[in-house]
$ cat start-v8.txt   # compact mmCIF, C-alpha atoms
# COMPACT_ATOMS: atom_id res chain seq x y z
CA MET A 1 -48.47 138.74 150.51
CA ILE A 2 -47.86 135.50 152.40
CA GLY A 3 -44.90 135.75 154.77
CA SER A 4 -45.04 132.29 156.35
CA TYR A 5 -46.13 128.88 155.15
CA ALA A 6 -46.41 125.43 156.75
CA ALA A 7 -47.06 122.26 154.74
CA VAL A 8 -48.99 119.44 156.43
CA GLY A 9 -49.55 116.00 154.94
CA ASP A 10 -48.13 112.68 153.78
CA SER A 11 -45.72 111.49 151.05
CA PHE A 12 -47.30 113.76 148.44
CA THR A 13 -46.45 116.87 150.46
CA GLU A 14 -43.13 115.49 151.70
CA GLY A 15 -42.18 115.29 148.03
CA VAL A 16 -41.58 111.58 147.47
CA GLY A 17 -40.58 111.02 143.83
CA ASP A 18 -38.72 114.34 143.56
CA PRO A 19 -35.23 113.66 144.97
CA GLY A 20 -32.64 116.37 145.50
CA PRO A 21 -28.88 115.93 145.04
CA ASP A 22 -28.52 114.35 148.48
CA GLY A 23 -31.41 111.92 147.96
CA ALA A 24 -33.75 113.84 150.27
CA PHE A 25 -36.98 114.82 148.59
CA VAL A 26 -38.00 118.27 147.37
CA GLY A 27 -41.61 118.11 146.14
CA TRP A 28 -44.41 120.44 145.19
CA ALA A 29 -44.73 122.13 148.61
CA ASP A 30 -41.03 123.09 148.69
CA ARG A 31 -41.27 124.34 145.11
CA PHE A 32 -44.44 126.26 145.98
CA ALA A 33 -42.64 127.84 148.95
CA VAL A 34 -40.03 129.19 146.53
CA LEU A 35 -42.79 130.82 144.45
CA LEU A 36 -44.19 132.44 147.59
CA SER A 37 -40.81 133.61 148.88
CA ASP A 38 -40.00 135.29 145.55
CA ARG A 39 -42.83 137.72 146.25
CA ARG A 40 -41.30 138.84 149.56
CA PRO A 41 -38.26 140.95 150.47
CA GLU A 42 -35.16 138.81 150.87
CA GLY A 43 -35.11 137.04 154.23
CA ASP A 44 -38.72 137.96 154.99
CA PHE A 45 -40.30 134.53 154.51
CA SER A 46 -40.46 131.39 156.65
CA TYR A 47 -41.35 127.88 155.54
CA THR A 48 -41.77 124.61 157.41
CA ASN A 49 -42.55 121.22 155.87
CA LEU A 50 -44.12 118.95 158.50
CA ALA A 51 -45.26 116.18 156.12
CA VAL A 52 -44.18 112.55 156.55
CA ARG A 53 -44.78 109.76 154.07
CA GLY A 54 -47.26 106.98 154.84
CA LYS A 55 -49.17 108.88 157.51
CA LEU A 56 -52.90 108.42 157.97
CA LEU A 57 -55.30 111.28 158.65
CA ASP A 58 -55.46 110.78 162.42
CA GLN A 59 -51.65 110.61 162.64
CA ILE A 60 -51.33 113.84 160.68
CA VAL A 61 -53.91 115.53 162.89
CA ALA A 62 -52.23 114.31 166.09
CA ASP A 63 -48.62 115.02 165.12
CA GLN A 64 -48.54 117.78 162.52
CA VAL A 65 -51.63 119.96 163.04
CA PRO A 66 -50.58 121.05 166.59
CA GLN A 67 -47.17 122.06 165.23
CA ALA A 68 -48.81 124.05 162.45
CA LEU A 69 -51.11 125.74 164.98
CA GLU A 70 -48.14 126.65 167.13
CA LEU A 71 -46.37 128.21 164.15
CA ALA A 72 -49.56 130.16 163.27
CA PRO A 73 -48.38 130.87 159.71
CA ASP A 74 -50.16 132.97 157.13
CA LEU A 75 -50.77 129.84 155.05
CA VAL A 76 -51.13 126.11 155.75
CA SER A 77 -51.53 123.51 153.02
CA PHE A 78 -53.47 120.56 154.40
CA CYS A 79 -53.44 117.37 152.35
CA ALA A 80 -54.58 114.32 154.31
CA GLY A 81 -56.84 111.32 154.05
CA GLY A 82 -55.44 109.81 150.86
CA ASN A 83 -53.74 106.91 152.64
CA ASP A 84 -56.97 106.26 154.53
CA ILE A 85 -59.05 106.21 151.35
CA ILE A 86 -56.87 103.62 149.57
CA ARG A 87 -57.10 101.20 152.51
CA PRO A 88 -59.74 98.47 152.12
CA GLY A 89 -62.95 98.99 154.04
CA THR A 90 -62.60 102.70 154.78
CA ASP A 91 -65.65 104.92 154.36
CA PRO A 92 -64.93 108.21 152.54
CA ASP A 93 -67.86 109.86 154.32
CA GLU A 94 -66.41 109.02 157.74
CA VAL A 95 -62.88 110.06 156.73
CA ALA A 96 -64.28 113.38 155.51
CA GLU A 97 -65.93 114.02 158.88
CA ARG A 98 -62.56 113.73 160.60
CA PHE A 99 -60.95 115.85 157.88
CA GLU A 100 -63.49 118.61 158.52
CA LEU A 101 -62.73 118.67 162.26
CA ALA A 102 -59.07 119.32 161.45
CA VAL A 103 -59.93 122.04 158.94
CA ALA A 104 -62.11 123.73 161.55
CA ARG A 105 -59.19 123.78 164.01
CA LEU A 106 -56.77 125.14 161.44
CA THR A 107 -59.02 127.90 160.12
CA GLU A 108 -59.49 129.25 163.65
CA ALA A 109 -55.77 130.01 163.95
CA VAL A 110 -54.36 130.30 160.43
CA GLY A 111 -54.82 133.03 157.88
CA THR A 112 -55.45 130.72 154.91
CA VAL A 113 -55.86 126.93 154.75
CA LEU A 114 -55.25 125.45 151.31
CA VAL A 115 -56.83 121.99 150.93
CA THR A 116 -56.21 119.49 148.15
CA THR A 117 -58.32 116.90 146.40
CA GLY A 118 -57.11 113.47 145.32
CA PHE A 119 -55.85 112.63 141.83
CA ASP A 120 -57.92 110.98 139.15
CA THR A 121 -56.57 107.41 139.29
CA ARG A 122 -58.16 105.97 136.16
CA GLY A 123 -54.69 105.30 134.68
CA VAL A 124 -53.12 103.80 137.82
CA PRO A 125 -53.30 99.97 137.75
CA VAL A 126 -53.63 99.35 141.50
CA LEU A 127 -55.80 102.36 142.29
CA LYS A 128 -58.11 102.73 139.29
CA HIS A 129 -60.81 100.62 140.98
CA LEU A 130 -60.84 103.21 143.80
CA ARG A 131 -61.69 106.06 141.45
CA GLY A 132 -65.30 106.32 142.64
CA LYS A 133 -64.25 106.28 146.29
CA ILE A 134 -61.70 109.03 145.68
CA ALA A 135 -64.26 111.09 143.77
CA THR A 136 -66.68 110.81 146.71
CA TYR A 137 -63.99 112.02 149.10
CA ASN A 138 -63.10 114.86 146.74
CA GLY A 139 -66.72 115.99 146.77
CA HIS A 140 -66.59 116.21 150.55
CA VAL A 141 -63.29 118.12 150.47
CA ARG A 142 -64.73 120.71 148.09
CA ALA A 143 -67.86 121.10 150.24
CA ILE A 144 -65.75 121.51 153.39
CA ALA A 145 -63.64 124.10 151.61
CA ASP A 146 -66.79 126.04 150.73
CA ARG A 147 -67.99 125.97 154.35
CA TYR A 148 -64.69 127.26 155.76
CA GLY A 149 -63.60 129.55 152.95
CA CYS A 150 -60.57 127.47 151.94
CA PRO A 151 -58.94 127.66 148.50
CA VAL A 152 -58.81 124.24 146.81
CA LEU A 153 -55.84 122.76 144.98
CA ASP A 154 -57.90 120.52 142.71
CA LEU A 155 -55.58 117.73 141.58
CA TRP A 156 -58.42 115.79 139.93
CA SER A 157 -58.83 118.53 137.32
CA LEU A 158 -55.08 118.87 136.61
CA LYS A 159 -55.21 116.72 133.48
CA THR A 160 -51.52 117.07 132.57
CA VAL A 161 -50.49 114.93 135.54
CA GLN A 162 -52.33 112.01 133.96
CA ASP A 163 -49.37 111.64 131.60
CA ARG A 164 -47.05 108.82 132.74
CA ARG A 165 -44.08 111.23 132.68
CA ALA A 166 -45.68 113.07 135.60
CA TRP A 167 -45.22 110.00 137.79
CA ASP A 168 -42.32 108.29 139.48
CA GLY A 169 -41.41 104.69 138.65
CA ASP A 170 -43.59 103.45 141.54
CA ARG A 171 -46.69 104.92 139.82
CA LEU A 172 -47.92 106.15 143.20
CA HIS A 173 -45.88 109.36 143.56
CA LEU A 174 -45.21 112.26 141.24
CA SER A 175 -42.00 112.75 139.29
CA PRO A 176 -40.04 116.04 139.60
CA GLU A 177 -41.97 117.43 136.62
CA GLY A 178 -45.24 116.28 138.16
CA HIS A 179 -44.42 118.00 141.45
CA THR A 180 -43.45 121.14 139.52
CA ARG A 181 -46.80 121.27 137.75
CA VAL A 182 -48.68 120.88 141.05
CA ALA A 183 -46.62 123.73 142.58
CA LEU A 184 -47.48 125.94 139.62
CA ARG A 185 -51.18 125.10 139.96
CA ALA A 186 -51.03 125.90 143.70
CA GLY A 187 -49.65 129.31 142.78
CA GLN A 188 -52.49 129.87 140.34
CA VAL A 189 -55.05 128.90 142.99
CA LEU A 190 -53.74 131.69 145.23
CA GLY A 191 -53.64 134.20 142.38
CA ILE A 192 -49.86 134.24 142.04
CA GLU A 193 -48.25 134.90 138.69
CA VAL A 194 -46.37 131.69 137.87
CA PRO A 195 -43.40 131.25 135.51
CA ALA A 196 -44.94 128.42 133.47
CA ASP A 197 -48.32 126.92 132.63
CA PRO A 198 -49.05 123.69 134.53
CA ASP A 199 -51.53 122.77 131.79
CA GLN A 200 -48.91 122.97 129.05
CA ALA A 201 -49.10 119.89 126.84
CA TRP A 202 -46.30 117.33 127.01
CA PRO A 203 -44.19 116.65 123.91
CA PRO A 204 -45.53 113.66 121.97
CA LEU A 205 -44.14 110.24 122.84
CA PRO A 206 -43.41 107.47 120.36
CA PRO A 207 -45.97 104.65 120.54
CA ARG A 208 -45.13 101.70 122.79
CA GLY A 209 -45.66 98.13 121.77
CA THR A 210 -47.58 95.56 123.80
CA LEU A 211 -44.38 93.74 124.74
CA GLU A 212 -42.75 96.90 126.08
CA VAL A 213 -45.82 97.79 128.14
CA ARG A 214 -46.00 94.27 129.57
CA ARG A 215 -42.29 94.30 130.44
CA ASP A 216 -42.70 97.64 132.25
CA ASP A 217 -45.70 96.29 134.17
CA VAL A 218 -43.79 93.19 135.29
CA HIS A 219 -40.83 95.30 136.44
CA TRP A 220 -43.16 97.67 138.32
CA ALA A 221 -44.99 94.82 140.05
CA ARG A 222 -41.72 93.22 141.18
CA GLU A 223 -39.99 96.41 142.30
CA TYR A 224 -42.88 98.34 143.82
CA LEU A 225 -46.20 96.50 144.07
CA VAL A 226 -44.97 93.39 145.91
CA PRO A 227 -43.03 95.39 148.57
CA TRP A 228 -46.03 97.73 149.01
CA ILE A 229 -48.38 94.79 149.60
CA GLY A 230 -45.84 93.26 151.99
CA ARG A 231 -45.78 96.41 154.12
CA ARG A 232 -49.57 96.44 154.25
CA LEU A 233 -49.66 92.82 155.41
CA ARG A 234 -47.01 93.45 158.09
CA GLY A 235 -48.73 96.61 159.32
CA GLU A 236 -45.68 98.69 158.44
CA SER A 237 -45.57 102.21 157.04
CA SER A 238 -42.96 103.76 154.77
CA GLY A 239 -42.81 106.66 157.24
CA ASP A 240 -42.23 104.65 160.43
CA HIS A 241 -38.64 105.89 160.80
CA VAL A 242 -38.88 109.16 158.85
CA THR A 243 -38.57 112.61 160.41
CA ALA A 244 -40.24 115.66 158.88
CA LYS A 245 -37.98 118.08 157.02
CA GLY A 246 -38.96 120.95 159.31
CA ALA A 247 -37.91 124.56 158.65
CA LEU A 248 -36.33 125.08 155.24
CA SER A 249 -34.69 128.03 153.52
CA PRO A 250 -36.18 128.87 150.11
CA ASP A 251 -32.68 129.76 148.89
CA ASP A 252 -31.44 126.30 149.85
CA ILE A 253 -34.42 124.74 148.05
CA LYS A 254 -33.53 126.74 144.91
CA MET A 255 -29.96 125.46 144.99
CA ARG A 256 -31.09 121.86 145.46
CA ILE A 257 -33.53 122.13 142.55
CA ALA A 258 -30.92 123.76 140.30
CA SER A 259 -28.32 121.07 141.04
CA VAL A 260 -30.54 118.29 139.66
CA ALA A 261 -32.28 120.24 136.88

$ encode --input "start-v8.txt" --output "structure tokens"
Amino acid sequence: MIGSYAAVGDSFTEGVGDPGPDGAFVGWADRFAVLLSDRRPEGDFSYTNLAVRGKLLDQIVADQVPQALELAPDLVSFCAGGNDIIRPGTDPDEVAERFELAVARLTEAVGTVLVTTGFDTRGVPVLKHLRGKIATYNGHVRAIADRYGCPVLDLWSLKTVQDRRAWDGDRLHLSPEGHTRVALRAGQVLGIEVPADPDQAWPPLPPRGTLEVRRDDVHWAREYLVPWIGRRLRGESSGDHVTAKGALSPDDIKMRIASVA
């Protein structure tokens, strides 16, 4: 019975792609916190989301891990290293070594540390060539989890998020439904009874013609790919001026989710 939870990570854990009614993001971690809180007496659960989009592993370790250690919650979800892996020239073996040092620190002070793997990117135009690199990193994450007794939220094996409806228009972040399915899988990983099956098949889609696919690709490149490349060239991050959401009430999260459902 988990009474406190802190989420540590980058845009995935912040919830980018899953906007609430005020434009601020919800995301899988917030939705997962609601599942956890429903198993507790009313008012007997605390949740803090420390994640900030665009952050690299060392930034997460320097800024967020100390805050999580100070909170000393029953559960920490630790998702980091993805932004490092997609950068040219990074070595997944070296990134994994730094990841393990952080896991070691967290497991000394936290009841349970939930770690996550990366997604299978074979259907993502910009990232599909990094599939082998991500798979290598995932292998390290699973081995680290074995050494420190951490449950693993294995996103690579969650095949239903390979549907394009699970992704936001930028093709880099999950849609609200995608975040929901990850939250449900996180619940399953911890042995929680969840209200829906994250592996449930999507309704069939009508076939798309070549012209429609090409038009979507051109729109995506103009709206998302070019700005993303520009930020990389300028050394900017999408999270440079973003503050973590901090402590959140599960009841407030429920209302925000219901208002956009």

$ atom_distance --input "start-v8.txt" --atom1 "atom CA of A:Val194" --atom2 "atom CA of A:Thr180"
11.1 Å

$ residues_around --input "start-v8.txt" --residues "A:Val260" --least-positions-apart "5" --cutoff "9 Å" --atoms "all atoms listed in the file" --output "PyMOL selection string"
chain A and resi 19-21+255

$ closest_residue --input "start-v8.txt" --among "A:Val76, A:Pro88, A:Leu172, A:Tyr47" --to "A:Arg232" --atoms "all atoms listed in the file"
A:Pro88

$ closest_residue --input "start-v8.txt" --among "A:Asp216, A:Asn49, A:Lys159, A:Lys133" --to "A:Ser11" --atoms "only C-alpha atoms"
A:Asn49

$ residues_around --input "start-v8.txt" --residues "stretch 71-75 of chain A" --least-positions-apart "5" --cutoff "9 Å" --atoms "only C-alpha atoms" --output "ChimeraX atom specification"
/A:1-7,46-48,66,106,109-114

$ closest_residue --input "start-v8.txt" --among "A:Ala145, A:Ser259, A:Asp18, A:His219" --to "A:Gly178" --atoms "all atoms listed in the file"
A:Asp18

$ closest_residue --input "start-v8.txt" --among "A:Asp163, A:Asp170, A:Glu94, A:Asp63" --to "A:Gln200" --atoms "all atoms listed in the file"
A:Asp163

$ atom_distance --input "start-v8.txt" --atom1 "atom CA of A:His140" --atom2 "atom CA of A:Asp93"
7.5 Å

$ atom_distance --input "start-v8.txt" --atom1 "atom CA of A:Ala51" --atom2 "atom CA of A:Ala135"
23.2 Å

$ closest_residue --input "start-v8.txt" --among "A:Arg53, A:Arg185, A:Arg234, A:Lys128" --to "A:Val152" --atoms "only C-alpha atoms"
A:Arg185

$ build_atoms --input "start-v8.txt" --residues "stretch 197-222 of chain A" --atoms "N, CA and C atoms" --output "PDB file, in the coordinates of the input"
ATOM      1  N   ASP A 197     -46.935 127.386 132.604  1.00  0.00           N
ATOM      2  CA  ASP A 197     -48.320 126.920 132.630  1.00  0.00           C
ATOM      3  C   ASP A 197     -48.360 125.445 133.013  1.00  0.00           C
ATOM      4  N   PRO A 198     -48.980 125.099 134.150  1.00  0.00           N
ATOM      5  CA  PRO A 198     -49.050 123.690 134.530  1.00  0.00           C
ATOM      6  C   PRO A 198     -49.874 122.847 133.574  1.00  0.00           C
ATOM      7  N   ASP A 199     -50.700 123.491 132.753  1.00  0.00           N
ATOM      8  CA  ASP A 199     -51.530 122.770 131.790  1.00  0.00           C
ATOM      9  C   ASP A 199     -50.862 122.631 130.425  1.00  0.00           C
ATOM     10  N   GLN A 200     -49.615 123.074 130.329  1.00  0.00           N
ATOM     11  CA  GLN A 200     -48.910 122.970 129.050  1.00  0.00           C
ATOM     12  C   GLN A 200     -48.804 121.512 128.614  1.00  0.00           C
ATOM     13  N   ALA A 201     -49.111 121.259 127.356  1.00  0.00           N
ATOM     14  CA  ALA A 201     -49.100 119.890 126.840  1.00  0.00           C
ATOM     15  C   ALA A 201     -47.684 119.321 126.840  1.00  0.00           C
ATOM     16  N   TRP A 202     -47.585 118.026 127.076  1.00  0.00           N
ATOM     17  CA  TRP A 202     -46.300 117.330 127.010  1.00  0.00           C
ATOM     18  C   TRP A 202     -45.911 117.111 125.549  1.00  0.00           C
ATOM     19  N   PRO A 203     -44.609 117.031 125.271  1.00  0.00           N
ATOM     20  CA  PRO A 203     -44.190 116.650 123.910  1.00  0.00           C
ATOM     21  C   PRO A 203     -44.700 115.253 123.590  1.00  0.00           C
ATOM     22  N   PRO A 204     -45.016 114.989 122.328  1.00  0.00           N
ATOM     23  CA  PRO A 204     -45.530 113.660 121.970  1.00  0.00           C
ATOM     24  C   PRO A 204     -44.502 112.568 122.227  1.00  0.00           C
ATOM     25  N   LEU A 205     -44.988 111.404 122.620  1.00  0.00           N
ATOM     26  CA  LEU A 205     -44.140 110.240 122.840  1.00  0.00           C
ATOM     27  C   LEU A 205     -44.298 109.252 121.697  1.00  0.00           C
ATOM     28  N   PRO A 206     -43.246 108.531 121.363  1.00  0.00           N
ATOM     29  CA  PRO A 206     -43.410 107.470 120.360  1.00  0.00           C
ATOM     30  C   PRO A 206     -44.316 106.377 120.903  1.00  0.00           C
ATOM     31  N   PRO A 207     -45.078 105.723 120.062  1.00  0.00           N
ATOM     32  CA  PRO A 207     -45.970 104.650 120.540  1.00  0.00           C
ATOM     33  C   PRO A 207     -45.171 103.504 121.146  1.00  0.00           C
ATOM     34  N   ARG A 208     -45.765 102.858 122.155  1.00  0.00           N
ATOM     35  CA  ARG A 208     -45.130 101.700 122.790  1.00  0.00           C
ATOM     36  C   ARG A 208     -45.846 100.428 122.383  1.00  0.00           C
ATOM     37  N   GLY A 209     -45.072  99.400 122.138  1.00  0.00           N
ATOM     38  CA  GLY A 209     -45.660  98.130 121.770  1.00  0.00           C
ATOM     39  C   GLY A 209     -46.177  97.372 122.979  1.00  0.00           C
ATOM     40  N   THR A 210     -46.997  96.368 122.717  1.00  0.00           N
ATOM     41  CA  THR A 210     -47.580  95.560 123.800  1.00  0.00           C
ATOM     42  C   THR A 210     -46.508  94.898 124.642  1.00  0.00           C
ATOM     43  N   LEU A 211     -45.451  94.414 124.009  1.00  0.00           N
ATOM     44  CA  LEU A 211     -44.380  93.740 124.740  1.00  0.00           C
ATOM     45  C   LEU A 211     -43.664  94.691 125.687  1.00  0.00           C
ATOM     46  N   GLU A 212     -43.421  95.900 125.232  1.00  0.00           N
ATOM     47  CA  GLU A 212     -42.750  96.900 126.080  1.00  0.00           C
ATOM     48  C   GLU A 212     -43.615  97.272 127.277  1.00  0.00           C
ATOM     49  N   VAL A 213     -44.907  97.462 127.040  1.00  0.00           N
ATOM     50  CA  VAL A 213     -45.820  97.790 128.140  1.00  0.00           C
ATOM     51  C   VAL A 213     -45.859  96.657 129.153  1.00  0.00           C
ATOM     52  N   ARG A 214     -45.941  95.424 128.671  1.00  0.00           N
ATOM     53  CA  ARG A 214     -46.000  94.270 129.570  1.00  0.00           C
ATOM     54  C   ARG A 214     -44.711  94.139 130.373  1.00  0.00           C
ATOM     55  N   ARG A 215     -43.574  94.378 129.740  1.00  0.00           N
ATOM     56  CA  ARG A 215     -42.290  94.300 130.440  1.00  0.00           C
ATOM     57  C   ARG A 215     -42.211  95.359 131.537  1.00  0.00           C
ATOM     58  N   ASP A 216     -42.694  96.574 131.239  1.00  0.00           N
ATOM     59  CA  ASP A 216     -42.700  97.640 132.250  1.00  0.00           C
ATOM     60  C   ASP A 216     -43.615  97.267 133.417  1.00  0.00           C
ATOM     61  N   ASP A 217     -44.755  96.671 133.121  1.00  0.00           N
ATOM     62  CA  ASP A 217     -45.700  96.290 134.170  1.00  0.00           C
ATOM     63  C   ASP A 217     -45.108  95.209 135.082  1.00  0.00           C
ATOM     64  N   VAL A 218     -44.409  94.252 134.493  1.00  0.00           N
ATOM     65  CA  VAL A 218     -43.790  93.190 135.290  1.00  0.00           C
ATOM     66  C   VAL A 218     -42.704  93.768 136.190  1.00  0.00           C
ATOM     67  N   HIS A 219     -41.894  94.664 135.638  1.00  0.00           N
ATOM     68  CA  HIS A 219     -40.830  95.300 136.440  1.00  0.00           C
ATOM     69  C   HIS A 219     -41.439  96.111 137.580  1.00  0.00           C
ATOM     70  N   TRP A 220     -42.509  96.856 137.289  1.00  0.00           N
ATOM     71  CA  TRP A 220     -43.160  97.670 138.320  1.00  0.00           C
ATOM     72  C   TRP A 220     -43.736  96.792 139.426  1.00  0.00           C
ATOM     73  N   ALA A 221     -44.391  95.707 139.046  1.00  0.00           N
ATOM     74  CA  ALA A 221     -44.990  94.820 140.050  1.00  0.00           C
ATOM     75  C   ALA A 221     -43.910  94.231 140.962  1.00  0.00           C
ATOM     76  N   ARG A 222     -42.788  93.830 140.387  1.00  0.00           N
ATOM     77  CA  ARG A 222     -41.720  93.220 141.180  1.00  0.00           C
ATOM     78  C   ARG A 222     -41.031  94.232 142.088  1.00  0.00           C
TER      79      ARG A 222
END
